[in-house]
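Containing CSV, C-alpha atoms: upload_29.csv.
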chain,number,residue,atom,x,y,z
T,9,MET,CA,113.7,76.6,40.1
T,10,ALA,CA,113.5,80.2,41.4
T,11,LEU,CA,110.6,81.0,43.6
T,12,THR,CA,108.2,83.6,42.1
T,13,ARG,CA,105.3,85.5,43.5
T,14,GLU,CA,103.0,83.8,40.9
T,15,ALA,CA,104.1,80.4,42.1
T,16,ILE,CA,103.4,81.4,45.7
T,17,VAL,CA,99.9,82.7,44.9
T,18,GLN,CA,99.0,79.6,42.8
T,19,THR,CA,100.1,77.3,45.6
T,20,ALA,CA,98.1,79.4,48.1
T,21,VAL,CA,95.0,79.0,46.0
T,22,LYS,CA,95.6,75.3,45.8
T,23,LEU,CA,95.9,75.1,49.6
T,24,LEU,CA,92.7,77.2,50.0
T,25,ARG,CA,90.7,74.9,47.8
T,26,ARG,CA,92.1,71.8,49.5
T,27,ASP,CA,92.1,72.7,53.2
T,28,GLY,CA,90.2,76.0,53.6
T,29,LEU,CA,91.1,79.4,54.9
T,30,GLU,CA,91.9,78.4,58.4
T,31,ALA,CA,94.7,76.1,57.2
T,32,LEU,CA,96.2,78.7,54.9
T,33,SER,CA,99.2,79.9,57.0
T,34,LEU,CA,102.5,81.3,55.7
T,35,ARG,CA,104.2,78.5,57.6
T,36,LYS,CA,102.2,75.8,55.8
T,37,LEU,CA,102.6,77.6,52.5
T,38,ALA,CA,106.4,77.7,53.0
T,39,ALA,CA,106.4,73.9,53.7
T,40,GLU,CA,104.2,73.2,50.6
T,41,LEU,CA,106.7,75.2,48.5
T,42,ASN,CA,109.6,73.5,50.3
T,43,VAL,CA,111.2,76.8,51.2
T,44,SER,CA,112.0,78.5,54.5
T,45,ALA,CA,109.7,81.1,56.0
T,46,PRO,CA,112.3,84.0,55.5
T,47,THR,CA,112.5,83.1,51.8
T,48,LEU,CA,108.7,83.4,51.5
T,49,TYR,CA,108.7,86.7,53.3
T,50,TRP,CA,111.1,88.0,50.7
T,51,HIS,CA,108.2,87.8,48.2
T,52,ILE,CA,105.2,88.3,50.5
T,53,GLY,CA,105.3,90.8,53.3
T,54,SER,CA,102.3,89.5,55.3
T,55,LYS,CA,99.4,87.1,55.3
T,56,ARG,CA,97.1,90.0,54.5
T,57,GLU,CA,99.2,90.8,51.4
T,58,LEU,CA,99.0,87.2,50.4
T,59,LEU,CA,95.2,87.1,50.8
T,60,ASP,CA,94.9,90.2,48.7
T,61,LEU,CA,96.9,88.5,45.9
T,62,VAL,CA,94.9,85.3,46.3
T,63,ALA,CA,91.6,87.3,46.1
T,64,GLU,CA,92.7,88.8,42.8
T,65,GLU,CA,93.7,85.4,41.4
T,66,LEU,CA,90.4,83.8,42.4
T,67,VAL,CA,88.4,86.3,40.5
T,68,ARG,CA,90.9,86.6,37.5
T,69,GLY,CA,91.1,82.9,37.1
T,70,HIS,CA,87.3,82.5,36.7
T,71,ARG,CA,86.9,85.1,33.9
T,72,ASN,CA,85.9,84.2,30.4
T,73,GLY,CA,86.2,87.6,28.7
T,74,PRO,CA,87.3,91.2,29.1
T,75,PRO,CA,86.1,92.2,32.6
T,76,ASP,CA,86.9,95.9,32.6
T,77,ARG,CA,84.7,97.4,29.9
T,78,PRO,CA,81.4,96.7,28.0
T,79,ALA,CA,81.5,94.9,24.7
T,80,ASP,CA,80.8,97.0,21.6
T,81,GLY,CA,77.2,98.1,21.8
T,82,GLN,CA,76.6,96.6,25.2
T,83,PRO,CA,74.8,98.9,27.7
T,84,TRP,CA,76.8,99.6,30.8
T,85,TRP,CA,74.1,98.2,33.1
T,86,GLU,CA,74.1,94.9,31.3
T,87,TRP,CA,77.9,94.8,31.5
T,88,LEU,CA,77.7,95.6,35.2
T,89,ARG,CA,75.2,92.8,35.8
T,90,ASP,CA,77.2,90.3,33.9
T,91,ARG,CA,80.4,91.3,35.6
T,92,SER,CA,78.7,90.9,39.0
T,93,ARG,CA,77.5,87.5,38.1
T,94,GLU,CA,81.0,86.5,37.0
T,95,ILE,CA,82.4,87.5,40.3
T,96,PHE,CA,79.7,85.7,42.3
T,97,ASP,CA,80.4,82.5,40.3
T,98,ALA,CA,84.1,82.9,41.1
T,99,LEU,CA,83.5,83.2,44.8
T,100,ILE,CA,81.1,80.3,45.2
T,101,ALA,CA,83.4,78.0,43.2
T,102,THR,CA,86.2,78.0,45.8
T,103,ARG,CA,86.0,77.1,49.4
T,104,ASP,CA,86.1,80.2,51.7
T,105,ALA,CA,86.7,82.5,48.7
T,106,PRO,CA,84.2,85.1,50.0
T,107,ARG,CA,86.1,85.4,53.2
T,108,VAL,CA,89.3,85.9,51.4
T,109,VAL,CA,87.9,88.6,49.1
T,110,ALA,CA,86.1,90.5,51.9
T,111,GLY,CA,88.2,93.6,52.8
T,112,ASN,CA,90.9,93.0,50.1
T,113,ARG,CA,92.7,95.9,48.5
T,114,PRO,CA,93.9,96.1,44.9
T,115,SER,CA,97.6,95.6,44.2
T,116,LEU,CA,99.5,98.1,42.1
T,117,GLN,CA,99.2,95.7,39.1
T,118,THR,CA,95.4,95.8,39.2
T,119,LEU,CA,95.0,99.6,39.6
T,120,PRO,CA,94.8,100.1,35.8
T,121,GLU,CA,91.9,97.7,35.6
T,122,ALA,CA,90.1,99.2,38.6
T,123,ASP,CA,90.5,102.6,37.1
T,124,ARG,CA,88.9,101.4,33.8
T,125,VAL,CA,86.0,99.8,35.5
T,126,LEU,CA,85.3,103.0,37.5
T,127,GLY,CA,85.6,104.9,34.2
T,128,VAL,CA,82.8,103.0,32.6
T,129,LEU,CA,80.4,104.2,35.3
T,130,ILE,CA,81.7,107.7,35.3
T,131,ASP,CA,81.3,107.8,31.5
T,132,ALA,CA,77.7,106.7,32.1
T,133,GLY,CA,77.0,109.8,34.1
T,134,LEU,CA,77.8,108.8,37.7
T,135,PRO,CA,79.9,111.3,39.7
T,136,PRO,CA,83.3,109.6,40.6
T,137,GLY,CA,82.4,109.3,44.3
T,138,GLU,CA,79.0,107.8,43.6
T,139,ALA,CA,80.5,105.4,41.0
T,140,GLN,CA,82.9,104.1,43.6
T,141,HIS,CA,80.1,103.8,46.1
T,142,ALA,CA,78.1,101.8,43.5
T,143,LEU,CA,81.0,99.4,43.0
T,144,PHE,CA,81.6,99.1,46.8
T,145,ALA,CA,77.9,98.4,47.4
T,146,LEU,CA,77.7,95.8,44.6
T,147,GLY,CA,80.9,94.1,45.9
T,148,ALA,CA,79.5,93.9,49.4
T,149,TYR,CA,76.3,92.4,48.1
T,150,ILE,CA,78.1,89.8,46.0
T,151,ILE,CA,80.4,88.8,48.9
T,152,GLY,CA,77.6,88.6,51.3
T,153,SER,CA,75.5,86.5,48.9
T,154,ALA,CA,78.4,84.2,48.2
T,155,THR,CA,79.1,83.7,51.9
T,156,GLU,CA,75.4,82.8,52.5
T,157,TRP,CA,75.5,80.4,49.5
T,158,GLN,CA,78.5,78.6,50.9
T,159,GLU,CA,77.1,78.4,54.4
T,160,GLU,CA,73.8,77.0,53.1
T,161,ALA,CA,75.7,74.4,51.1
T,162,ALA,CA,77.6,73.5,54.3
T,163,ARG,CA,74.4,73.1,56.3
T,164,ALA,CA,72.9,71.0,53.6
T,165,GLU,CA,76.0,68.8,53.5
T,166,ALA,CA,75.7,68.3,57.2
T,167,GLY,CA,72.0,67.5,57.0
T,168,LEU,CA,71.1,70.7,58.8
T,169,GLY,CA,68.5,72.2,56.4
T,170,PHE,CA,64.9,72.9,57.4
T,171,SER,CA,63.8,70.5,60.1
T,172,VAL,CA,60.6,68.5,59.8
T,173,GLU,CA,59.2,70.4,62.7
T,174,LEU,CA,60.0,73.8,61.2
T,175,ALA,CA,58.6,72.8,57.8
T,176,ALA,CA,55.4,71.5,59.4
T,177,ALA,CA,55.0,74.7,61.4
T,178,ILE,CA,55.2,76.8,58.3
T,179,ARG,CA,52.6,74.6,56.5
T,180,SER,CA,50.3,74.5,59.5
T,181,GLY,CA,48.3,77.7,58.7
T,182,ASP,CA,49.5,79.6,61.7
T,183,TYR,CA,52.0,81.6,59.6
T,184,PRO,CA,50.1,82.3,56.3
T,185,HIS,CA,52.6,84.9,55.0
T,186,LEU,CA,55.5,82.6,55.4
T,187,ALA,CA,53.6,79.7,53.9
T,188,ALA,CA,52.6,81.8,50.8
T,189,ALA,CA,56.2,83.0,50.3
T,190,PHE,CA,57.6,79.5,50.6
T,191,ARG,CA,55.1,78.1,48.1
T,192,GLU,CA,56.1,80.8,45.6
T,193,LEU,CA,59.8,80.1,46.1
T,194,HIS,CA,59.6,76.4,46.2
T,195,ASP,CA,60.4,75.7,42.5
T,196,GLN,CA,62.8,78.6,41.9
T,197,PRO,CA,66.5,77.8,41.1
T,198,PRO,CA,69.0,78.0,44.0
T,199,ARG,CA,70.5,81.4,42.8
T,200,ALA,CA,67.1,83.1,42.4
T,201,THR,CA,67.6,85.2,45.5
T,202,PHE,CA,71.0,86.5,44.4
T,203,GLU,CA,69.6,87.3,40.9
T,204,TYR,CA,66.6,89.1,42.4
T,205,GLY,CA,68.8,91.3,44.6
T,206,LEU,CA,71.3,92.0,41.9
T,207,GLN,CA,68.6,93.1,39.5
T,208,LEU,CA,67.2,95.4,42.1
T,209,MET,CA,70.5,97.1,42.4
T,210,ILE,CA,71.1,97.3,38.7
T,211,ASP,CA,67.6,98.6,38.0
T,212,GLY,CA,68.1,101.3,40.7
T,213,LEU,CA,71.4,102.5,39.2
T,214,ARG,CA,69.9,102.5,35.7
T,215,ALA,CA,66.8,104.4,36.9
T,216,ARG,CA,69.0,107.0,38.6
T,217,TYR,CA,71.7,107.5,36.0
T,218,ALA,CA,70.8,106.0,32.6
T,219,SER,CA,69.8,108.5,29.9
T,220,GLU,CA,66.9,107.2,27.8

How does the structure come out when it is put into structure tokens?
Amino acid sequence: MALTREAIVQTAVKLLRRDGLEALSLRKLAAELNVSAPTLYWHIGSKRELLDLVAEELVRGHRNGPPDRPADGQPWWEWLRDRSREIFDALIATRDAPRVVAGNRPSLQTLPEADRVLGVLIDAGLPPGEAQHALFALGAYIIGSATEWQEEAARAEAGLGFSVELAAAIRSGDYPHLAAAFRELHDQPPRATFEYGLQLMIDGLRARYASE
């Protein structure tokens, strides 16, 4: 069977999920595909190009609906919030995905979608440069939040959450502000912090640009 770029990317995603980013080398990928390294380089010019393609696949493979425009009658800020949540869900679903997506660049194949997404915000009244800034800022927030999520999960798995001593110190009364904050947050769902920050960003954009 002829080797295709799609097969290469799909295999790279499989390796990422199984072994993590540190193990995702072009040499190991070539071995997994049972091809020589020169054959792989015919389709993929560098590891960075591979990671850009993997980043696109990780997000694309998690989508449930049209990602590049609001549904009929849907306000742009609701679409932007839902799209941000969808990307966050995609990143936390795969090991090391936030690290792969950080710093990625679009391929020629995804430029039409990127242009349509930007166009939604421009049509909403954002100047083109500010619309791109908004998407960059949201992207950085999503990637950072997803990275923190996975690191916290790794700490919990290793039994490295809050120590008994640290929890006791917070409850001791010596740190009343921390104690009050932790009491309020105790019963909130795990993604409450992400949702809080996302809503702040969406509300800020809406307040600045949405016409009532």

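Between CA of Ser54 in chain T and CA of Ala148 in chain T there is a distance of 24.0 Å.
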
Requested in this report: Rank nothing, just name the residue among T:Gln158, T:Gly111, T:Glu138, T:Ile150 nearest to Pro198 in chain T, using only C-alpha atoms.
Outcome: T:Gln158

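Distances from T:Leu119, T:Ala105, T:Val172, T:Ala164 to Leu59 in chain T were compared using only C-alpha atoms, and the smallest one belongs to T:Ala105.
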
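CA of Val62 in chain T is positioned 10.9 Å from CA of Pro114 in chain T.
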
Taking a cut-off of 12 Å and counting only C-alpha atoms, can you build a table that, for each residue of range 21-126 of chain T near range 142-146 of chain T, reports the nearest atom pair and how far apart they are in Å (one decimal), sorted by chain then residue number, as CSV?
residue,atom,partner,partner_atom,distance
T:Trp85,CA,T:Ala142,CA,11.7
T:Leu88,CA,T:Leu143,CA,9.3
T:Arg89,CA,T:Leu146,CA,9.6
T:Arg91,CA,T:Leu146,CA,10.4
T:Ser92,CA,T:Leu146,CA,7.5
T:Arg93,CA,T:Leu146,CA,10.5
T:Ile95,CA,T:Leu146,CA,10.5
T:Phe96,CA,T:Leu146,CA,10.5
T:Ala110,CA,T:Phe144,CA,11.0
T:Gly111,CA,T:Phe144,CA,10.5
T:Asn112,CA,T:Phe144,CA,11.6
T:Arg113,CA,T:Phe144,CA,11.7
T:Ala122,CA,T:Leu143,CA,10.1
T:Asp123,CA,T:Leu143,CA,11.6
T:Val125,CA,T:Leu143,CA,9.0
T:Leu126,CA,T:Leu143,CA,7.9

Close residues, Glu57 in chain T itself excluded, 12 Å, all atoms listed in the file, min 6 positions apart in chain, as an mmCIF file with C-alpha atoms, keeping the file's coordinate frame:
data_model
loop_
_atom_site.group_PDB
_atom_site.id
_atom_site.type_symbol
_atom_site.label_atom_id
_atom_site.label_comp_id
_atom_site.auth_asym_id
_atom_site.auth_seq_id
_atom_site.Cartn_x
_atom_site.Cartn_y
_atom_site.Cartn_z
ATOM 1 C CA ARG T 13 105.300 85.500 43.500
ATOM 2 C CA ILE T 16 103.400 81.400 45.700
ATOM 3 C CA VAL T 17 99.900 82.700 44.900
ATOM 4 C CA ALA T 20 98.100 79.400 48.100
ATOM 5 C CA LEU T 34 102.500 81.300 55.700
ATOM 6 C CA TYR T 49 108.700 86.700 53.300
ATOM 7 C CA HIS T 51 108.200 87.800 48.200
ATOM 8 C CA ALA T 63 91.600 87.300 46.100
ATOM 9 C CA GLU T 64 92.700 88.800 42.800
ATOM 10 C CA VAL T 108 89.300 85.900 51.400
ATOM 11 C CA VAL T 109 87.900 88.600 49.100
ATOM 12 C CA GLY T 111 88.200 93.600 52.800
ATOM 13 C CA ASN T 112 90.900 93.000 50.100
ATOM 14 C CA ARG T 113 92.700 95.900 48.500
ATOM 15 C CA PRO T 114 93.900 96.100 44.900
ATOM 16 C CA SER T 115 97.600 95.600 44.200
ATOM 17 C CA LEU T 116 99.500 98.100 42.100
#

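Across the structure, CA of Arg216 in chain T and CA of Gln82 in chain T are spaced 18.6 Å apart.
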
Report task. Taking the point (78.1, 82.0, 54.0) as given in the file, collect each protein or nucleic acid residue that comes within 12 Å of it, counting all atoms listed in the file, and present the set as a list in words. Result -> Leu99, Ile100, Arg103, Asp104, Ala105, Pro106, Arg107, Ala110, Ile150, Ile151, Gly152, Ser153, Ala154, Thr155, Glu156, Trp157, Gln158, Glu159, Glu160, Ala161, Ala162 and Arg163 of chain T

Go ahead and write the selection's residues with C-alpha atoms as a short mmCIF file (atom, residue, chain, number, x, y, z; two decimals), in the frame of the given file.
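Written output follows (selection27.cif):
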data_model
loop_
_atom_site.label_atom_id
_atom_site.label_comp_id
_atom_site.auth_asym_id
_atom_site.auth_seq_id
_atom_site.Cartn_x
_atom_site.Cartn_y
_atom_site.Cartn_z
CA LEU T 99 83.50 83.20 44.80
CA ILE T 100 81.10 80.30 45.20
CA ARG T 103 86.00 77.10 49.40
CA ASP T 104 86.10 80.20 51.70
CA ALA T 105 86.70 82.50 48.70
CA PRO T 106 84.20 85.10 50.00
CA ARG T 107 86.10 85.40 53.20
CA ALA T 110 86.10 90.50 51.90
CA ILE T 150 78.10 89.80 46.00
CA ILE T 151 80.40 88.80 48.90
CA GLY T 152 77.60 88.60 51.30
CA SER T 153 75.50 86.50 48.90
CA ALA T 154 78.40 84.20 48.20
CA THR T 155 79.10 83.70 51.90
CA GLU T 156 75.40 82.80 52.50
CA TRP T 157 75.50 80.40 49.50
CA GLN T 158 78.50 78.60 50.90
CA GLU T 159 77.10 78.40 54.40
CA GLU T 160 73.80 77.00 53.10
CA ALA T 161 75.70 74.40 51.10
CA ALA T 162 77.60 73.50 54.30
CA ARG T 163 74.40 73.10 56.30
#

Requested in this report: Neighbourhood query: residues within 7 Å of (89.1, 80.8, 42.5), file coordinates, counting all atoms listed in the file; return as a PyMOL selection string.
Outcome: chain T and resi 65-67+69-70+98-99+101-102+105

Query raised in the report: Which residue gives the smallest distance to Glu121 in chain T among T:Glu192, T:Leu61, T:Arg68, T:Leu174, with all atoms listed in the file counted?
Result: T:Arg68
